[in-house]
Amino acid sequence: MSLIEVNNISKSYRINKRPKGIPGMLANLFVPKYEMRQAVKEVSFQIEKGDMVGFIGPNGAGKSTTIKMLSGILYPDKGEIKVNGYVPYKQRKEYVGSIGVVFGQKSQLQWDLPVIDSFELLKAIYRIPEEKYRKNLDRFVQMLDMGNFLQQPVRQLSLGQRMRADIVAALLHSPEIVFFDEPTIGVDVVGKETIRNFIKELNAEDEVTMLFTTHDMQDIEKVCEKLIVIDKGEKIYDGSLLGIREKYGTTRQLDVEFAGIEHIAPIANVEMVELDELDGRKKRFVFENKQVQINDLMNFLLQNYRVRDISISEPEIEGIIRKIYNGEVITT
Ligand SMILES: Nc1ncnc2c1ncn2[C@@H]1O[C@H](COP(=O)(O)OP(=O)(O)OP(=O)(O)O)[C@@H](O)[C@H]1O
Ligand SMILES: [Mg+2]
């Protein structure tokens with residue numbers, strides 16, 4: 001049995017459909033009309049202990065709804081979830097001690113209190129032993145470079161500082177499993193890197209199992225080994241990051257440095273891009289996997305031109321994901 005088992009969960013929200021204008025408002029007051037919107041449709045997946053899984057999909061795909069069900073905030077309408085032996089929405093009290101949740105869009109900290117006071121509060125709520133609390137706090141504060149704003153009230157923090165504080169808050173009780181819902185949203189480049197390294201270290205050293213959503217493909221590329229993609233409430237990909245590249249990354253590129261300025265005759269099915277490097281001696285050849293054998297192309301170039309260096313680059317994950325979101329590749 002996997003650490004996280006999700007079987008066929010579905011969730012719909014009831015949405016109030018208010019007719020337009022004041023008459024509509026009044027009518028709605030007496031006889032409200034509702035319609036159901038299905039946010040998650042029969043989604044299943046498993047996550048093993050120590051896994052680091054990226055959970056991605058376009059806006060409104062159902063990611064946050066799924067995370068809320070996983071963390072026990074919402075009930076699924078159908079299906080079952082089992083995490084670490086618990087049913088999250090039924091055994092919430094016993095369950096919360098083993099998980100941590102970060103909602104990047106919404107702070108869980110006390111707005112008017114200094115960060116450190118919020119942490120102390122959590123220590124009391126989770127009954128974290130003094131020694132463990134100190135050890136975690138010191139380690140996390142150092143790793144996330146938070147020493148200079150621990151005494152500041154949360155409302156005064158910058159977004160990046162607040163996010164780091166929220167991450168620590170979710171981890172002080174040493175949960176085995178952490179759900180991150182957009183933990184890098186609105187954070188600058190350096191801050192993102194700090195958060196990524198922190199997440200990676202925690203996963204590698206402490207074997208914390210993690211599921212996290214993001215719209216930043218760099219997060220995925222740098223942090224996750226596994227990927228679950230959902231769209232319109234349905235799971236459309238579940239596998240390794242490498243696998244998604246192999247399966248859907250159909251374009252390849254070859255960067256070639258020539259010994260001199262070469263005039264390359266057009267090559268069938270290969271697009272040539274001039275790179276503004278090395279005074280025009282470097283060119284990029286872009287082609288579809290299926291149409292062109294990379295070895296043939298390399299041999300052709302080596303035999304006909306004076307080549308100094310060749311490098312193959314992988315298709316960008318970002319481009320592939322964009323294609324999947326746009327429905328340009330069929331995933332199932
Ligand atoms: N409390 C709610 N009441 C009604 N509808 C909701 C509620 N929360 C979410 N929805 C709807 O459910 C669908 C899925 O929303 P969800 O927040 O899970 O998406 P998401 O994948 O997290 O998107 P994003 O990337 O924008 O955060 C959307 O159509 C959204 O409008
Ligand atoms: Mg969301």
# chains A, B, ... in the order shown; residues from 1 in each chain; ligands from 1

$ residues_near_ligand --ligand "ligand 1" --cutoff "7 Å" --atoms "only C-alpha atoms and all ligand atoms" --output "JSON, numbers by chain"
{"A": [13, 14, 15, 37, 38, 39, 57, 58, 59, 60, 61, 62, 63, 64, 65, 66]}

$ residues_around --residues "Thr194 of chain A" --least-positions-apart "3" --cutoff "10 Å" --atoms "only C-alpha atoms" --output "tab-separated table (two decimals) with N, CA and C atoms, in the first residue's frame"
chain	number	residue	atom	x	y	z
A	143	MET	N	18.41	27.96	7.24
A	143	MET	CA	18.32	27.54	5.84
A	143	MET	C	17.56	28.57	4.98
A	144	LEU	N	16.55	29.18	5.57
A	144	LEU	CA	15.74	30.12	4.80
A	144	LEU	C	16.12	31.58	5.06
A	145	ASP	N	17.20	31.75	5.81
A	145	ASP	CA	17.73	33.09	6.04
A	145	ASP	C	16.66	34.04	6.59
A	164	ARG	N	8.22	32.39	3.32
A	164	ARG	CA	9.20	31.58	4.05
A	164	ARG	C	8.70	31.30	5.47
A	184	THR	N	5.75	29.22	-4.15
A	184	THR	CA	6.70	30.22	-4.68
A	184	THR	C	5.98	31.38	-5.36
A	188	ASP	N	10.51	36.46	-5.60
A	188	ASP	CA	11.51	36.82	-6.62
A	188	ASP	C	12.44	35.63	-6.92
A	189	VAL	N	13.28	35.84	-7.92
A	189	VAL	CA	14.11	34.74	-8.43
A	189	VAL	C	14.99	34.12	-7.34
A	190	VAL	N	15.62	34.98	-6.55
A	190	VAL	CA	16.51	34.49	-5.50
A	190	VAL	C	15.70	33.75	-4.43
A	191	GLY	N	14.59	34.35	-4.06
A	191	GLY	CA	13.72	33.73	-3.06
A	191	GLY	C	13.22	32.37	-3.50
A	197	ASN	N	15.62	25.03	-2.87
A	197	ASN	CA	16.72	24.30	-2.22
A	197	ASN	C	16.29	23.74	-0.88
A	198	PHE	N	15.51	24.54	-0.18
A	198	PHE	CA	15.00	24.12	1.13
A	198	PHE	C	14.12	22.88	0.98
A	199	ILE	N	13.21	22.95	0.05
A	199	ILE	CA	12.28	21.84	-0.19
A	199	ILE	C	13.05	20.58	-0.60
A	200	LYS	N	14.04	20.79	-1.46
A	200	LYS	CA	14.83	19.64	-1.93
A	200	LYS	C	15.61	18.99	-0.79

$ atom_distance --atom1 "atom CA of Val87 of chain A" --atom2 "atom CA of Gly72 of chain A"
7.9 Å

$ residues_around --residues "Val96 of chain A" --least-positions-apart "2" --cutoff "9 Å" --atoms "only C-alpha atoms" --output "list in words"
Ser71, Gly72, Pro88, Gln91, Arg92, Lys93, Glu94, Ser98, Ile99, Gly100, Tyr126 and Pro175 of chain A

$ write_last_selection --atoms "all heavy atoms" --output "CSV table (one decimal), in the first residue's frame"
chain,number,residue,atom,x,y,z
A,71,SER,N,-5.8,17.3,2.5
A,71,SER,CA,-5.4,17.7,3.8
A,71,SER,C,-6.6,17.7,4.8
A,71,SER,O,-6.5,18.0,6.0
A,71,SER,CB,-4.8,19.1,3.8
A,71,SER,OG,-5.5,19.9,2.9
A,72,GLY,N,-7.8,17.2,4.3
A,72,GLY,CA,-8.9,17.0,5.2
A,72,GLY,C,-9.8,18.2,5.4
A,72,GLY,O,-10.7,18.1,6.2
A,88,PRO,N,-8.3,11.4,5.7
A,88,PRO,CA,-8.1,12.8,6.2
A,88,PRO,C,-9.3,13.5,6.7
A,88,PRO,O,-9.3,14.1,7.7
A,88,PRO,CB,-7.5,13.5,4.9
A,88,PRO,CG,-6.9,12.4,4.1
A,88,PRO,CD,-7.7,11.2,4.4
A,91,GLN,N,-10.7,11.6,10.0
A,91,GLN,CA,-9.8,11.5,11.2
A,91,GLN,C,-8.9,12.7,11.3
A,91,GLN,O,-7.7,12.6,11.6
A,91,GLN,CB,-9.0,10.2,11.1
A,91,GLN,CG,-9.8,9.0,11.1
A,91,GLN,CD,-9.0,7.8,10.6
A,91,GLN,OE1,-8.8,7.6,9.4
A,91,GLN,NE2,-8.5,6.9,11.5
A,92,ARG,N,-9.5,13.9,11.1
A,92,ARG,CA,-8.7,15.1,11.0
A,92,ARG,C,-7.8,15.3,12.2
A,92,ARG,O,-6.6,15.7,12.1
A,92,ARG,CB,-9.6,16.3,10.7
A,92,ARG,CG,-8.8,17.4,10.1
A,92,ARG,CD,-9.6,18.4,9.4
A,92,ARG,NE,-8.9,19.7,9.6
A,92,ARG,CZ,-7.8,20.0,9.0
A,92,ARG,NH1,-7.2,19.2,8.2
A,92,ARG,NH2,-7.2,21.2,9.2
A,93,LYS,N,-8.4,15.1,13.3
A,93,LYS,CA,-7.7,15.4,14.6
A,93,LYS,C,-6.4,14.6,14.7
A,93,LYS,O,-5.3,15.1,15.0
A,93,LYS,CB,-8.6,15.1,15.8
A,93,LYS,CG,-8.7,16.3,16.7
A,93,LYS,CD,-9.7,16.0,17.8
A,93,LYS,CE,-9.5,16.8,19.0
A,93,LYS,NZ,-10.6,16.4,20.0
A,94,GLU,N,-6.5,13.3,14.5
A,94,GLU,CA,-5.3,12.5,14.6
A,94,GLU,C,-4.4,12.7,13.4
A,94,GLU,O,-3.1,12.6,13.6
A,94,GLU,CB,-5.7,11.0,14.6
A,94,GLU,CG,-6.7,10.5,15.6
A,94,GLU,CD,-8.2,10.7,15.1
A,94,GLU,OE1,-8.5,11.7,14.5
A,94,GLU,OE2,-8.9,9.7,15.3
A,98,SER,N,0.6,14.5,11.4
A,98,SER,CA,1.6,13.9,10.4
A,98,SER,C,1.7,14.7,9.1
A,98,SER,O,2.5,14.3,8.3
A,98,SER,CB,1.2,12.5,10.2
A,98,SER,OG,-0.1,12.4,9.6
A,99,ILE,N,0.9,15.8,9.0
A,99,ILE,CA,1.0,16.5,7.7
A,99,ILE,C,1.3,18.0,8.0
A,99,ILE,O,1.1,18.5,9.0
A,99,ILE,CB,-0.3,16.4,6.8
A,99,ILE,CG1,-1.5,17.0,7.6
A,99,ILE,CG2,-0.5,15.0,6.4
A,99,ILE,CD1,-2.6,17.5,6.6
A,100,GLY,N,1.8,18.6,6.9
A,100,GLY,CA,2.0,20.1,6.9
A,100,GLY,C,1.4,20.6,5.6
A,100,GLY,O,1.4,20.0,4.6
A,126,TYR,N,0.5,22.2,18.5
A,126,TYR,CA,0.9,20.8,18.1
A,126,TYR,C,1.7,20.1,19.3
A,126,TYR,O,2.1,18.9,19.1
A,126,TYR,CB,1.9,20.9,16.9
A,126,TYR,CG,1.1,21.2,15.6
A,126,TYR,CD1,1.2,22.4,15.0
A,126,TYR,CD2,0.4,20.2,15.0
A,126,TYR,CE1,0.5,22.7,13.8
A,126,TYR,CE2,-0.2,20.4,13.8
A,126,TYR,CZ,-0.2,21.7,13.2
A,126,TYR,OH,-0.8,21.9,12.0
A,175,PRO,N,6.4,17.2,10.1
A,175,PRO,CA,5.4,16.3,9.5
A,175,PRO,C,6.1,15.4,8.5
A,175,PRO,O,7.2,15.8,7.9
A,175,PRO,CB,4.5,17.3,8.7
A,175,PRO,CG,5.3,18.5,8.5
A,175,PRO,CD,6.2,18.6,9.7

$ select_by_dssp --residues "segment 80-241 of chain A" --states "alpha helix (DSSP H)" --output "number ranges by chain"
A: 92-95, 115-125, 130-143, 159-171, 189-206, 217-223, 241

$ residues_around --residues "Pro153 of chain A" --least-positions-apart "2" --cutoff "8 Å" --atoms "only C-alpha atoms" --output "VMD selection string"
chain A and resid 111 to 115 151 155 to 157

$ select_by_dssp --residues "segment 86-258 of chain A" --states "strand (DSSP E)" --output "number ranges by chain"
A: 99-103, 177-181, 209-213, 226-231, 234-240, 251-258

$ closest_residue --among "A:Glu318, A:Glu225, A:Glu42, A:Asp181" --to "ligand 2" --atoms "only C-alpha atoms and all ligand atoms"
A:Asp181

$ closest_residue --among "A:Thr213, A:Ser240, A:Ser174, A:Ser313" --to "Arg252 of chain A" --atoms "only C-alpha atoms"
A:Ser313

$ residues_around --residues "segment 116-120 of chain A" --least-positions-apart "5" --cutoff "8 Å" --atoms "only C-alpha atoms" --output "ChimeraX atom specification"
/A:109-110,150-151,169,172

$ residues_around --residues "Tyr325 of chain A" --least-positions-apart "4" --cutoff "10 Å" --atoms "only C-alpha atoms" --output "list in words"
Ile56, Gly57, Pro58, Val229, Ile230, Asp231, Ile236, Gly319, Ile320, Ile321 and Val329 of chain A

$ write_last_selection --atoms "N, CA, C and O atoms" --output "PDB file, in the first residue's frame"
ATOM      1  N   ILE A  56       0.466  19.722 -11.266  1.00  0.00           N
ATOM      2  CA  ILE A  56       0.279  20.933 -12.063  1.00  0.00           C
ATOM      3  C   ILE A  56      -0.947  20.861 -12.973  1.00  0.00           C
ATOM      4  O   ILE A  56      -1.514  19.797 -13.202  1.00  0.00           O
ATOM      5  N   GLY A  57      -1.303  21.999 -13.494  1.00  0.00           N
ATOM      6  CA  GLY A  57      -2.445  22.117 -14.381  1.00  0.00           C
ATOM      7  C   GLY A  57      -2.803  23.586 -14.519  1.00  0.00           C
ATOM      8  O   GLY A  57      -2.396  24.399 -13.695  1.00  0.00           O
ATOM      9  N   PRO A  58      -3.573  23.928 -15.557  1.00  0.00           N
ATOM     10  CA  PRO A  58      -3.925  25.335 -15.768  1.00  0.00           C
ATOM     11  C   PRO A  58      -4.802  25.879 -14.623  1.00  0.00           C
ATOM     12  O   PRO A  58      -5.268  25.116 -13.788  1.00  0.00           O
ATOM     13  N   VAL A 229      -0.407  15.721 -13.822  1.00  0.00           N
ATOM     14  CA  VAL A 229      -0.996  16.872 -14.497  1.00  0.00           C
ATOM     15  C   VAL A 229      -2.508  16.699 -14.510  1.00  0.00           C
ATOM     16  O   VAL A 229      -3.000  15.633 -14.892  1.00  0.00           O
ATOM     17  N   ILE A 230      -3.229  17.732 -14.084  1.00  0.00           N
ATOM     18  CA  ILE A 230      -4.680  17.663 -14.225  1.00  0.00           C
ATOM     19  C   ILE A 230      -5.184  18.851 -15.034  1.00  0.00           C
ATOM     20  O   ILE A 230      -4.569  19.917 -15.079  1.00  0.00           O
ATOM     21  N   ASP A 231      -6.299  18.625 -15.687  1.00  0.00           N
ATOM     22  CA  ASP A 231      -6.910  19.664 -16.505  1.00  0.00           C
ATOM     23  C   ASP A 231      -8.414  19.455 -16.447  1.00  0.00           C
ATOM     24  O   ASP A 231      -8.895  18.340 -16.589  1.00  0.00           O
ATOM     25  N   ILE A 236      -4.501  13.995 -16.475  1.00  0.00           N
ATOM     26  CA  ILE A 236      -4.116  13.719 -17.857  1.00  0.00           C
ATOM     27  C   ILE A 236      -2.687  13.186 -17.983  1.00  0.00           C
ATOM     28  O   ILE A 236      -2.288  12.716 -19.026  1.00  0.00           O
ATOM     29  N   GLY A 319       7.826  24.280 -22.729  1.00  0.00           N
ATOM     30  CA  GLY A 319       7.158  24.190 -24.029  1.00  0.00           C
ATOM     31  C   GLY A 319       6.235  22.980 -24.103  1.00  0.00           C
ATOM     32  O   GLY A 319       5.124  23.047 -24.640  1.00  0.00           O
ATOM     33  N   ILE A 320       6.699  21.894 -23.521  1.00  0.00           N
ATOM     34  CA  ILE A 320       5.902  20.668 -23.564  1.00  0.00           C
ATOM     35  C   ILE A 320       4.628  20.841 -22.746  1.00  0.00           C
ATOM     36  O   ILE A 320       3.530  20.513 -23.192  1.00  0.00           O
ATOM     37  N   ILE A 321       4.810  21.395 -21.554  1.00  0.00           N
ATOM     38  CA  ILE A 321       3.644  21.599 -20.682  1.00  0.00           C
ATOM     39  C   ILE A 321       2.643  22.546 -21.359  1.00  0.00           C
ATOM     40  O   ILE A 321       1.435  22.341 -21.304  1.00  0.00           O
ATOM     41  N   VAL A 329      -1.196  18.181 -27.594  1.00  0.00           N
ATOM     42  CA  VAL A 329      -0.796  16.777 -27.572  1.00  0.00           C
ATOM     43  C   VAL A 329      -1.836  16.003 -26.780  1.00  0.00           C
ATOM     44  O   VAL A 329      -2.362  16.484 -25.786  1.00  0.00           O
TER      45      VAL A 329
END

$ closest_residue --among "A:His215, A:Lys33, A:Lys123, A:Lys132" --to "ligand 2" --atoms "only C-alpha atoms and all ligand atoms"
A:His215

$ atom_distance --atom1 "atom CA of Leu211 of chain A" --atom2 "atom CA of Tyr86 of chain A"
17.0 Å

$ atom_distance --atom1 "atom CA of Val178 of chain A" --atom2 "atom CA of Tyr248 of chain A"
29.1 Å

$ closest_residue --among "A:Ile128, A:Ile185, A:Ile167, A:Met52" --to "ligand 2" --atoms "only C-alpha atoms and all ligand atoms"
A:Ile185

$ closest_residue --among "A:Met25, A:Ile4, A:Leu302, A:Ile67" --to "ligand 2" --atoms "only C-alpha atoms and all ligand atoms"
A:Ile67

$ closest_residue --among "A:Gly280, A:Gly233, A:Pro23, A:Pro32" --to "Phe258 of chain A" --atoms "only C-alpha atoms"
A:Gly280
